[in-house]
>>> print(open('input-v5.txt').read())   # compact mmCIF, C-alpha atoms
# COMPACT_ATOMS: atom_id res chain seq x y z
CA MET S 197 0.00 0.00 0.00
CA ASN S 198 1.38 3.40 -0.95
CA ARG S 199 1.03 5.38 2.26
CA ALA S 200 2.02 8.78 0.87
CA LEU S 201 -0.72 8.46 -1.74
CA VAL S 202 -3.41 7.71 0.85
CA VAL S 203 -2.20 10.47 3.17
CA ALA S 204 -2.17 13.10 0.42
CA ALA S 205 -5.61 11.98 -0.78
CA SER S 206 -7.01 12.35 2.77
CA GLY S 207 -5.62 15.91 2.75
CA MET S 208 -7.47 16.67 -0.48
CA ALA S 209 -10.71 15.31 0.95
CA ALA S 210 -10.27 17.40 4.11
CA GLN S 211 -9.71 20.61 2.15
CA GLN S 212 -12.73 19.82 0.01
CA MET S 213 -14.83 19.56 3.16
CA HIS S 214 -13.25 22.74 4.53
CA LEU S 215 -14.30 24.57 1.35
CA ASP S 216 -17.84 23.17 1.62
CA VAL S 217 -18.20 24.62 5.11
CA VAL S 218 -16.79 28.04 4.19
CA ALA S 219 -18.93 28.21 1.04
CA ASP S 220 -22.04 27.51 3.13
CA ASN S 221 -21.06 30.27 5.56
CA LEU S 222 -20.57 32.76 2.74
CA ALA S 223 -23.83 31.79 1.07
CA ASN S 224 -25.66 32.61 4.32
CA ALA S 225 -23.80 35.81 5.12
CA ASP S 226 -27.01 37.83 4.69
CA VAL S 227 -29.34 35.55 6.66
CA ALA S 228 -30.45 37.23 9.90
CA GLY S 229 -29.46 35.24 12.97
CA PHE S 230 -27.28 32.81 10.98
CA LYS S 231 -24.29 31.45 12.88
CA GLU S 232 -21.22 30.46 10.91
CA ALA S 233 -19.87 26.93 11.19
CA ALA S 234 -16.26 25.99 11.77
CA ALA S 235 -14.77 22.76 10.43
CA ALA S 236 -12.33 20.93 12.65
CA PHE S 237 -9.77 18.31 11.67
CA THR S 238 -7.56 15.92 13.53
CA ASP S 239 -4.38 14.13 12.49
CA VAL S 240 -4.33 10.33 12.35
CA ARG S 241 -1.24 8.42 13.40
CA ALA S 242 -0.17 4.80 13.52
CA PRO S 243 0.94 3.51 16.96
CA GLY S 244 4.60 4.19 16.11
CA GLY S 245 3.82 7.81 15.30
CA ALA S 246 3.94 7.48 11.53
CA GLY S 247 1.41 9.76 9.86
CA LEU S 248 -1.73 8.23 8.36
CA GLY S 249 -3.30 11.46 7.15
CA VAL S 250 -6.09 13.69 8.40
CA MET S 251 -9.68 13.13 9.42
CA PRO S 252 -12.53 15.62 9.80
CA SER S 253 -13.62 15.73 13.45
CA GLY S 254 -16.89 17.57 12.83
CA THR S 255 -18.25 21.05 12.35
CA HIS S 256 -19.56 23.30 15.12
CA PRO S 257 -21.63 26.44 15.01
CA VAL S 258 -19.81 29.53 16.28
CA PHE S 259 -22.13 31.52 18.56
CA GLU S 260 -20.27 34.79 18.45
CA GLN S 261 -22.64 37.75 18.64
CA GLY S 262 -23.63 39.17 15.25
CA LYS S 263 -24.00 42.92 14.74
CA LEU S 264 -27.43 44.36 15.51
CA GLU S 265 -28.98 46.31 12.70
CA LYS S 266 -32.03 48.57 12.68
CA SER S 267 -34.75 46.95 10.65
CA GLY S 268 -38.12 47.95 9.24
CA GLY S 269 -40.27 45.15 10.62
CA PRO S 270 -42.79 46.19 13.31
CA PHE S 271 -42.18 43.00 15.33
CA ASP S 272 -38.44 42.51 14.78
CA VAL S 273 -36.38 41.69 17.84
CA ALA S 274 -32.75 40.74 18.41
CA ILE S 275 -30.94 39.12 21.31
CA GLN S 276 -28.03 41.01 22.78
CA GLY S 277 -26.03 38.40 24.68
CA ALA S 278 -26.49 34.68 25.15
CA GLY S 279 -29.66 32.69 24.51
CA PHE S 280 -32.07 31.65 21.79
CA PHE S 281 -35.67 32.41 20.89
CA ILE S 282 -37.88 29.39 21.36
CA VAL S 283 -40.07 28.62 18.34
CA THR S 284 -42.41 25.74 17.75
CA ASN S 285 -44.35 24.43 14.77
CA GLY S 286 -46.72 22.33 16.83
CA SER S 287 -44.75 19.08 16.68
CA GLN S 288 -41.19 20.26 17.08
CA THR S 289 -39.43 22.90 19.16
CA ALA S 290 -36.42 24.72 17.75
CA TYR S 291 -34.11 27.50 18.91
CA THR S 292 -33.04 30.45 16.81
CA ARG S 293 -31.29 33.80 16.97
CA ASN S 294 -33.39 35.13 14.10
CA GLY S 295 -36.00 37.48 15.56
CA GLU S 296 -37.70 38.39 12.29
CA PHE S 297 -41.26 37.81 13.55
CA HIS S 298 -44.74 38.63 12.26
CA ARG S 299 -48.21 38.72 13.72
CA SER S 300 -50.28 35.68 12.80
CA PRO S 301 -54.05 35.99 12.16
CA SER S 302 -54.66 34.38 15.55
CA GLY S 303 -52.54 36.99 17.33
CA ALA S 304 -49.44 34.89 17.89
CA LEU S 305 -45.92 36.03 17.15
CA GLU S 306 -44.46 33.79 14.44
CA THR S 307 -41.62 33.44 11.94
CA ASN S 308 -42.04 33.85 8.17
CA ASP S 309 -42.67 30.15 7.79
CA GLY S 310 -45.13 29.79 10.64
CA TRP S 311 -43.07 28.77 13.68
CA ARG S 312 -44.75 30.31 16.73
CA VAL S 313 -43.13 32.03 19.72
CA PRO S 314 -44.89 30.68 22.82
CA GLY S 315 -46.11 32.99 25.56
CA VAL S 316 -47.11 36.00 23.45
CA ARG S 317 -50.63 36.90 22.32
CA ILE S 318 -51.34 40.18 20.56
CA PRO S 319 -54.99 41.31 20.61
CA SER S 320 -56.51 42.00 17.21
CA ASP S 321 -57.31 45.63 18.08
CA ALA S 322 -53.71 46.46 19.08
CA THR S 323 -52.51 49.54 17.22
CA SER S 324 -48.86 49.30 18.17
CA VAL S 325 -46.66 46.77 19.86
CA SER S 326 -43.35 47.24 21.60
CA VAL S 327 -40.96 44.80 23.23
CA GLN S 328 -39.06 45.80 26.35
CA PRO S 329 -35.41 44.85 26.98
CA ASP S 330 -36.65 42.23 29.47
CA GLY S 331 -38.78 40.59 26.77
CA ARG S 332 -42.15 41.89 28.00
CA VAL S 333 -44.49 42.71 25.12
CA HIS S 334 -46.59 45.85 25.51
CA CYS S 335 -49.56 46.46 23.24
CA GLU S 336 -51.32 49.77 22.74
CA ARG S 337 -55.04 49.67 21.90
CA GLY S 338 -56.75 52.86 20.79
CA ARG S 339 -56.73 55.93 23.11
CA GLY S 340 -53.32 55.19 24.63
CA GLU S 341 -54.56 52.23 26.63
CA ARG S 342 -51.63 49.88 27.28
CA SER S 343 -51.75 46.23 28.14
CA ASP S 344 -49.35 43.40 28.78
CA CYS S 345 -49.35 40.80 25.99
CA GLY S 346 -46.94 38.27 27.38
CA ARG S 347 -43.21 37.89 27.58
CA ILE S 348 -40.57 36.52 25.22
CA VAL S 349 -38.58 33.92 27.15
CA LEU S 350 -35.27 32.61 25.90
CA SER S 351 -33.38 29.35 26.28
CA THR S 352 -29.74 28.53 26.79
CA PHE S 353 -27.98 25.20 26.74
CA PRO S 354 -25.27 23.63 28.86
CA ALA S 355 -23.28 22.93 25.67
CA PRO S 356 -24.66 25.11 22.83
CA GLU S 357 -21.85 24.08 20.42
CA ALA S 358 -23.44 20.63 20.24
CA LEU S 359 -26.79 21.98 18.98
CA ASP S 360 -27.88 20.57 15.64
CA PRO S 361 -28.42 23.15 12.87
CA ILE S 362 -31.68 22.23 11.13
CA GLY S 363 -31.75 25.02 8.54
CA ASP S 364 -33.45 28.44 8.47
CA ALA S 365 -31.00 29.63 11.16
CA ARG S 366 -32.71 27.25 13.60
CA PHE S 367 -31.18 24.67 15.89
CA ALA S 368 -32.51 21.55 17.57
CA ALA S 369 -31.45 20.28 20.99
CA THR S 370 -29.35 17.13 21.01
CA ARG S 371 -28.30 14.68 23.70
CA ARG S 372 -24.86 16.28 23.82
CA SER S 373 -26.13 19.86 24.00
CA GLY S 374 -28.16 19.01 27.12
CA ALA S 375 -31.72 20.07 27.86
CA PRO S 376 -32.73 23.72 27.32
CA VAL S 377 -32.47 26.03 30.33
CA ARG S 378 -34.97 28.90 30.68
CA LEU S 379 -33.36 32.31 30.49
CA LEU S 380 -35.26 35.48 31.39
CA PRO S 381 -33.90 38.40 29.40
CA GLY S 382 -33.06 41.47 31.39
CA ALA S 383 -32.28 39.39 34.46
CA GLU S 384 -29.71 36.71 33.67
CA HIS S 385 -26.29 36.60 31.96
CA GLY S 386 -26.66 40.26 30.91
CA THR S 387 -28.92 39.22 28.06
CA THR S 388 -31.39 41.81 26.77
CA ILE S 389 -33.82 42.05 23.89
CA ALA S 390 -33.42 44.86 21.38
CA PHE S 391 -36.70 45.89 19.74
CA GLY S 392 -36.80 47.05 16.10
CA MET S 393 -33.43 45.42 15.45
CA LEU S 394 -32.24 42.25 13.76
CA GLU S 395 -29.06 40.35 14.41
CA ARG S 396 -26.98 39.99 11.29
CA SER S 397 -25.10 36.76 10.61
CA ASN S 398 -21.69 36.57 12.27
CA VAL S 399 -19.98 35.49 9.03
CA SER S 400 -16.91 37.57 8.29
CA ILE S 401 -16.64 37.91 4.52
CA ILE S 402 -12.95 38.78 4.63
CA GLY S 403 -12.15 35.95 7.05
CA SER S 404 -14.05 33.50 4.85
CA MET S 405 -12.24 34.65 1.71
CA MET S 406 -8.92 34.15 3.43
CA GLU S 407 -9.98 30.69 4.50
CA ILE S 408 -10.95 29.85 0.91
CA LEU S 409 -7.55 30.95 -0.39
CA ALA S 410 -5.72 28.90 2.23
CA ALA S 411 -7.90 25.83 1.61
CA GLN S 412 -7.43 26.11 -2.13
CA ARG S 413 -3.65 26.30 -1.86
CA ALA S 414 -3.56 23.41 0.58
CA TYR S 415 -5.75 21.39 -1.79
CA GLU S 416 -3.35 22.07 -4.66
CA ALA S 417 -0.34 21.14 -2.56
CA ASN S 418 -1.99 17.87 -1.53
CA ALA S 419 -2.79 17.17 -5.19
CA LYS S 420 0.93 17.59 -5.91
CA GLY S 421 1.60 15.04 -3.17
CA VAL S 422 -0.78 12.58 -4.82
CA GLN S 423 0.96 13.16 -8.14
CA ALA S 424 4.43 12.63 -6.69
CA ALA S 425 3.39 9.43 -4.89
CA ASP S 426 1.81 8.14 -8.06
CA GLU S 427 4.89 8.98 -10.12
CA MET S 428 7.12 7.09 -7.68
CA GLN S 429 4.81 4.14 -7.87
CA ARG S 430 5.05 4.20 -11.66
CA ILE S 431 8.87 4.20 -11.56
CA GLU S 432 8.84 1.37 -9.04
CA VAL S 433 6.55 -0.75 -11.14
CA CYS S 434 8.55 -0.22 -14.37
CA MET C 127 14.93 5.27 -2.79
CA ARG C 128 13.56 4.20 0.56
CA ALA C 129 14.78 7.48 2.08
CA ALA C 130 12.99 9.51 -0.62
CA ARG C 131 9.81 7.54 0.01
CA SER C 132 9.98 8.29 3.76
CA ARG C 133 10.53 11.96 3.02
CA LEU C 134 7.47 12.01 0.75
CA GLU C 135 5.37 10.30 3.42
CA ILE C 136 6.38 12.90 6.01
CA ALA C 137 5.71 15.84 3.65
CA ALA C 138 2.35 14.32 2.66
CA GLN C 139 1.31 13.95 6.31
CA ASN C 140 2.24 17.59 6.96
CA LEU C 141 0.31 18.77 3.91
CA ALA C 142 -2.73 16.66 4.72
CA ASN C 143 -2.94 18.45 8.07
CA ALA C 144 -2.64 21.99 6.73
CA SER C 145 -6.01 22.77 8.38
CA THR C 146 -5.69 20.74 11.59
CA ASP C 147 -5.63 23.09 14.56
CA GLY C 148 -2.79 22.50 16.99
CA PHE C 149 -1.01 20.20 14.54
CA ARG C 150 2.78 20.24 14.67
CA LYS C 151 4.59 19.27 11.51
CA SER C 152 7.25 16.55 11.45
CA LEU C 153 10.70 17.27 10.14
CA ALA C 154 12.59 14.72 8.08
CA ASP C 155 16.10 14.30 9.48
CA VAL C 156 18.22 12.59 6.85
CA SER C 157 21.53 11.16 7.97
CA LEU C 158 24.13 9.06 6.19
CA THR C 159 24.93 5.84 8.01
CA THR C 160 26.71 2.64 7.12
CA ARG C 161 23.31 1.26 6.15
CA GLY C 162 22.74 4.06 3.65
CA LEU C 163 20.49 7.06 4.12
CA VAL C 164 18.25 6.91 7.17
CA VAL C 165 15.28 9.28 7.58
CA ARG C 166 14.20 10.04 11.13
CA ARG C 167 10.94 11.83 11.89
CA THR C 168 11.24 14.54 14.53
CA PRO C 169 8.36 16.77 15.64
CA SER C 170 8.80 20.49 15.05
CA ASP C 171 8.48 22.81 18.06
CA ASP C 172 7.74 25.98 16.10
CA GLN C 173 4.81 27.97 17.44
CA GLY C 174 1.86 27.99 15.04
CA ALA C 175 0.05 31.25 14.32
CA LEU C 176 -2.87 32.08 16.62
CA ARG C 177 -6.22 32.56 14.95
CA HIS C 178 -9.19 34.37 16.51
CA THR C 179 -12.25 32.08 16.48
CA GLY C 180 -14.88 33.93 18.52
CA ARG C 181 -15.55 30.92 20.72
CA PRO C 182 -14.60 31.74 24.31
CA LEU C 183 -13.69 28.14 25.17
CA ASP C 184 -11.17 27.81 22.36
CA LEU C 185 -7.77 27.86 24.03
CA ALA C 186 -4.34 28.27 22.51
CA ILE C 187 -0.97 27.79 24.18
CA VAL C 188 1.70 30.43 23.69
CA GLY C 189 5.00 28.72 24.40
CA GLU C 190 5.69 25.12 25.24
CA GLY C 191 3.38 22.59 26.82
CA ALA C 192 0.24 20.74 25.89
CA PHE C 193 -3.29 20.12 27.11
CA VAL C 194 -3.92 16.66 28.50
CA VAL C 195 -7.20 15.48 26.99
CA GLY C 196 -8.42 11.95 27.62
CA GLY C 197 -4.92 11.10 28.87
CA GLN C 198 -3.28 12.25 25.63
CA PRO C 199 -1.23 15.43 25.20
CA THR C 200 -2.47 17.74 22.44
CA ARG C 201 -1.95 21.32 21.32
CA ASN C 202 -5.46 21.49 19.89
CA GLY C 203 -7.51 23.61 22.29
CA ALA C 204 -10.89 23.48 20.50
CA PHE C 205 -12.96 22.79 23.60
CA VAL C 206 -16.63 23.01 24.50
CA ARG C 207 -18.60 22.76 27.69
CA ASP C 208 -20.13 19.29 27.90
CA PRO C 209 -23.67 18.78 29.30
CA HIS C 210 -22.21 17.99 32.74
CA GLY C 211 -20.28 21.25 32.93
CA PHE C 212 -16.82 19.91 32.11
CA LEU C 213 -14.39 21.31 29.58
CA ALA C 214 -14.14 18.68 26.83
CA ASP C 215 -13.06 18.26 23.23
CA ASP C 216 -15.55 17.56 20.44
CA ARG C 217 -15.33 13.82 21.07
CA GLY C 218 -16.31 14.29 24.70
CA ALA C 219 -12.85 13.64 26.22
CA ARG C 220 -12.31 15.86 29.28
CA VAL C 221 -9.43 18.20 29.92
CA GLN C 222 -7.08 17.53 32.84
CA GLY C 223 -6.66 20.43 35.26
CA VAL C 224 -4.67 20.87 38.45
CA HIS C 225 -7.52 19.40 40.56
CA GLY C 226 -9.00 16.70 38.32
CA PHE C 227 -10.99 17.49 35.20
CA VAL C 228 -11.58 21.17 34.50
CA ARG C 229 -15.13 22.42 35.17
CA VAL C 230 -16.68 25.38 33.39
CA ALA C 231 -19.19 27.83 34.86
CA PRO C 232 -22.33 28.49 32.77
CA ASP C 233 -20.89 31.88 31.78
CA GLY C 234 -17.75 30.24 30.33
CA THR C 235 -15.32 30.86 33.20
CA LEU C 236 -12.87 28.04 33.85
CA LEU C 237 -13.12 26.88 37.47
CA ASP C 238 -9.68 25.26 37.56
CA ARG C 239 -6.23 25.97 36.28
CA ILE C 240 -4.74 23.96 33.42
CA PRO C 241 -1.18 22.98 34.31
CA MET C 242 1.31 24.62 31.97
CA PRO C 243 5.07 24.94 32.04
CA TYR C 244 6.57 28.07 33.50
CA ARG C 245 6.54 30.95 30.99
CA SER C 246 3.79 29.41 28.86
CA ARG C 247 0.45 31.14 28.64
CA ILE C 248 -3.06 30.14 27.63
CA VAL C 249 -5.05 32.54 25.45
CA HIS C 250 -8.84 32.37 25.26
CA GLY C 251 -10.90 32.68 22.08
CA MET C 252 -8.01 31.64 19.85
CA LEU C 253 -6.76 28.44 18.26
CA GLU C 254 -3.25 27.58 17.21
CA SER C 255 -3.08 27.06 13.45
CA PRO C 256 -0.87 24.22 12.26
CA ASN C 257 2.74 25.26 11.80
CA VAL C 258 2.68 23.79 8.30
CA ASN C 259 3.82 25.95 5.41
CA ALA C 260 2.12 24.53 2.31
CA VAL C 261 4.71 25.97 -0.07
CA SER C 262 7.76 24.55 1.68
CA GLU C 263 6.03 21.17 2.08
CA MET C 264 5.27 21.20 -1.63
CA VAL C 265 8.95 21.85 -2.30
CA GLY C 266 9.66 18.89 -0.01
CA VAL C 267 7.33 16.71 -2.08
CA LEU C 268 9.02 17.68 -5.35
CA ASP C 269 12.45 17.30 -3.77
CA ALA C 270 11.62 13.79 -2.58
CA GLN C 271 10.24 12.91 -5.98
CA ARG C 272 13.41 14.06 -7.77
CA ALA C 273 15.64 12.31 -5.23
CA PHE C 274 13.64 9.16 -5.86
CA GLU C 275 14.13 9.47 -9.61
CA THR C 276 17.85 10.15 -9.19
CA ALA C 277 18.24 7.12 -6.95
CA GLN C 278 16.34 5.05 -9.48
CA LYS C 279 18.69 6.28 -12.27
CA ALA C 280 21.71 5.40 -10.13
CA LEU C 281 20.23 1.98 -9.50
CA ALA C 282 19.72 1.49 -13.23
CA ALA C 283 23.33 2.61 -13.91
CA ILE C 284 24.70 0.19 -11.33
CA ASP C 285 22.55 -2.53 -12.79
CA GLU C 286 23.90 -1.77 -16.26
CA THR C 287 27.52 -1.80 -15.06
CA ARG C 288 26.95 -5.17 -13.45
CA ALA C 289 25.34 -6.47 -16.62
CA LYS C 290 28.36 -5.30 -18.58
CA ALA C 291 30.70 -6.90 -16.07
CA VAL C 292 28.90 -10.20 -16.35
CA ASN C 293 28.28 -10.30 -20.07
CA GLU C 294 31.06 -8.34 -21.74
CA LEU C 295 34.03 -9.07 -19.47
CA ALA C 296 33.22 -12.72 -19.83
CA ARG C 297 33.32 -12.35 -23.61
CA LEU C 298 36.86 -10.75 -23.53
CA ARG C 299 38.50 -13.90 -22.36
>>> encode(input="input-v5.txt", output="structure tokens")
Amino acid sequence: MNRALVVAASGMAAQQMHLDVVADNLANADVAGFKEAAAAFTDVRAPGGAGLGVMPSGTHPVFEQGKLEKSGGPFDVAIQGAGFFIVTNGSQTAYTRNGEFHRSPSGALETNDGWRVPGVRIPSDATSVSVQPDGRVHCERGRGERSDCGRIVLSTFPAPEALDPIGDARFAATRRSGAPVRLLPGAEHGTTIAFGMLERSNVSIIGSMMEILAAQRAYEANAKGVQAADEMQRIEVC
Amino acid sequence: MRAARSRLEIAAQNLANASTDGFRKSLADVSLTTRGLVVRRTPSDDQGALRHTGRPLDLAIVGEGAFVVGGQPTRNGAFVRDPHGFLADDRGARVQGVHGFVRVAPDGTLLDRIPMPYRSRIVHGMLESPNVNAVSEMVGVLDAQRAFETAQKALAAIDETRAKAVNELARLR
């Protein structure tokens, strides 16, 4: 077995996967609440220490805070600090940092694709709605009459990096992430809710471009390694 | 030829890990002995560049030393908080601290010290990039390839000389 050939080929596969992850990050750079993923690799060695190549050891979401941006939506909210919005579609509960919500016909607060935020009910005659930093939702109905319409409660996790991204900037709890822990904004971990704002994705375009360049060069270099190993094999066979 | 092959294997392993955090490249030490060229693999101690990751539990070592994770030393400090509140790598192996495994507070503070040699320092939110330089490894690959070809030519020349010795010298008599 030609070890150099296998090792170099594993390097090409790893860089291919690296590029896949970065490309996905870049593609979602404009998705509100999107969290970039980081690919991790680990070296593989035989018991004597001889190299056997590289192996992907998984990708993790990076929960660095994204920039908050003023938005036009009347129900847009953003989380400043740790935590996730809880959304449910009836059968499944998911967690997201995307606070681009709308009012449903039944008065619930929901995402574009119909995932509801529990604990909030907006009366149909409400003329304006505002969300306080502690997540309390205030509705105004005619003649300056104000009423309490519920509170947005957040969740954190013992190990958020192990959450499973399920698309649409949403995450599902896993066995390794642990069970969700209730987090009251305005009271715990310095987390607050910003009303009229959206959290941009935390993808750095420049950082991603640099990663692409490095991955591309490493891919090429590994391809050279494959070529060299193959060439040696040819000479040996002849 | 065997030496060139070993050099290629070492360069290929370094290249394959050009994106493995905390990876330290191996150097090929070639020495001439009575048994021909011998290639010894020695790990490089050069510090890799530190890269900001934005994850507070990513740790990088500036200086010597290593984390002990699951009983194994490693320079890769990509850690997370596991569901039981311990600092662990992505495979769930826990990190050894001064007083047993390191625990992490919910806000990300480490509740124990990680033993490090004097003068070494741990930085948070960063990872150590591999100390592999793709260009110089590529040169190593080409170098090994050419050395292999040269050795093969020499082998062919020796073979030819021997053939001459056997066939033509015998004819002279």
>>> interface_residues(input="input-v5.txt", of="chain S", to="chain C", cutoff="6 Å", atoms="all atoms listed in the file", output="PDB file with C-alpha atoms, keeping the file's coordinate frame")
ATOM      1  CA  ALA S 200       2.020   8.780   0.870  1.00  0.00           C
ATOM      2  CA  VAL S 203      -2.200  10.470   3.170  1.00  0.00           C
ATOM      3  CA  ALA S 204      -2.170  13.100   0.420  1.00  0.00           C
ATOM      4  CA  GLY S 207      -5.620  15.910   2.750  1.00  0.00           C
ATOM      5  CA  PHE S 237      -9.770  18.310  11.670  1.00  0.00           C
ATOM      6  CA  THR S 238      -7.560  15.920  13.530  1.00  0.00           C
ATOM      7  CA  GLY S 247       1.410   9.760   9.860  1.00  0.00           C
ATOM      8  CA  GLY S 249      -3.300  11.460   7.150  1.00  0.00           C
ATOM      9  CA  VAL S 250      -6.090  13.690   8.400  1.00  0.00           C
ATOM     10  CA  GLU S 260     -20.270  34.790  18.450  1.00  0.00           C
ATOM     11  CA  PRO S 354     -25.270  23.630  28.860  1.00  0.00           C
ATOM     12  CA  ALA S 355     -23.280  22.930  25.670  1.00  0.00           C
ATOM     13  CA  SER S 373     -26.130  19.860  24.000  1.00  0.00           C
ATOM     14  CA  GLY S 374     -28.160  19.010  27.120  1.00  0.00           C
ATOM     15  CA  ALA S 417      -0.340  21.140  -2.560  1.00  0.00           C
ATOM     16  CA  ASN S 418      -1.990  17.870  -1.530  1.00  0.00           C
ATOM     17  CA  GLY S 421       1.600  15.040  -3.170  1.00  0.00           C
ATOM     18  CA  ALA S 424       4.430  12.630  -6.690  1.00  0.00           C
TER      19      ALA S 424
END
>>> atom_distance(input="input-v5.txt", atom1="CA of Pro256 (chain C)", atom2="CA of Gln429 (chain S)")
29.0 Å
>>> atom_distance(input="input-v5.txt", atom1="CA of Val377 (chain S)", atom2="CA of Thr289 (chain S)")
13.5 Å
>>> atom_distance(input="input-v5.txt", atom1="CA of Arg413 (chain S)", atom2="CA of Gln211 (chain S)")
9.2 Å
>>> residues_around(input="input-v5.txt", residues="Ile240 (chain C)", least_positions_apart="5", cutoff="8 Å", atoms="all atoms listed in the file", output="PyMOL selection string")
chain C and resi 193+222-224+228
>>> residues_around(input="input-v5.txt", residues="Val218 (chain S)", least_positions_apart="4", cutoff="7 Å", atoms="only C-alpha atoms", output="VMD selection string")
chain S and resid 214 222 404 408
>>> closest_residue(input="input-v5.txt", among="S:Phe367, S:Leu305, S:Gly268, S:Met406", to="Phe353 (chain S)", atoms="only C-alpha atoms")
S:Phe367
>>> residues_around(input="input-v5.txt", residues="Val249 (chain C)", least_positions_apart="5", cutoff="9 Å", atoms="all atoms listed in the file", output="PyMOL selection string")
chain C and resi 184-188
>>> residues_around(input="input-v5.txt", residues="Gly191 (chain C)", least_positions_apart="3", cutoff="10 Å", atoms="only C-alpha atoms", output="VMD selection string")
chain C and resid 187 to 188 194 199 to 201 241 to 248
>>> write_last_selection(input="input-v5.txt", atoms="C-alpha atoms", output="PDB file, in the frame of the given file")
ATOM      1  CA  ILE C 187      -0.970  27.790  24.180  1.00  0.00           C
ATOM      2  CA  VAL C 188       1.700  30.430  23.690  1.00  0.00           C
ATOM      3  CA  VAL C 194      -3.920  16.660  28.500  1.00  0.00           C
ATOM      4  CA  PRO C 199      -1.230  15.430  25.200  1.00  0.00           C
ATOM      5  CA  THR C 200      -2.470  17.740  22.440  1.00  0.00           C
ATOM      6  CA  ARG C 201      -1.950  21.320  21.320  1.00  0.00           C
ATOM      7  CA  PRO C 241      -1.180  22.980  34.310  1.00  0.00           C
ATOM      8  CA  MET C 242       1.310  24.620  31.970  1.00  0.00           C
ATOM      9  CA  PRO C 243       5.070  24.940  32.040  1.00  0.00           C
ATOM     10  CA  TYR C 244       6.570  28.070  33.500  1.00  0.00           C
ATOM     11  CA  ARG C 245       6.540  30.950  30.990  1.00  0.00           C
ATOM     12  CA  SER C 246       3.790  29.410  28.860  1.00  0.00           C
ATOM     13  CA  ARG C 247       0.450  31.140  28.640  1.00  0.00           C
ATOM     14  CA  ILE C 248      -3.060  30.140  27.630  1.00  0.00           C
TER      15      ILE C 248
END
>>> residues_around(input="input-v5.txt", residues="Ser267 (chain S)", least_positions_apart="6", cutoff="12 Å", atoms="only C-alpha atoms", output="VMD selection string")
chain S and resid 228 273 to 274 295 to 297 390 to 396
>>> closest_residue(input="input-v5.txt", among="C:Ala277, C:Ala192, C:Ile284, C:Leu253", to="Leu163 (chain C)", atoms="all atoms listed in the file")
C:Ala277
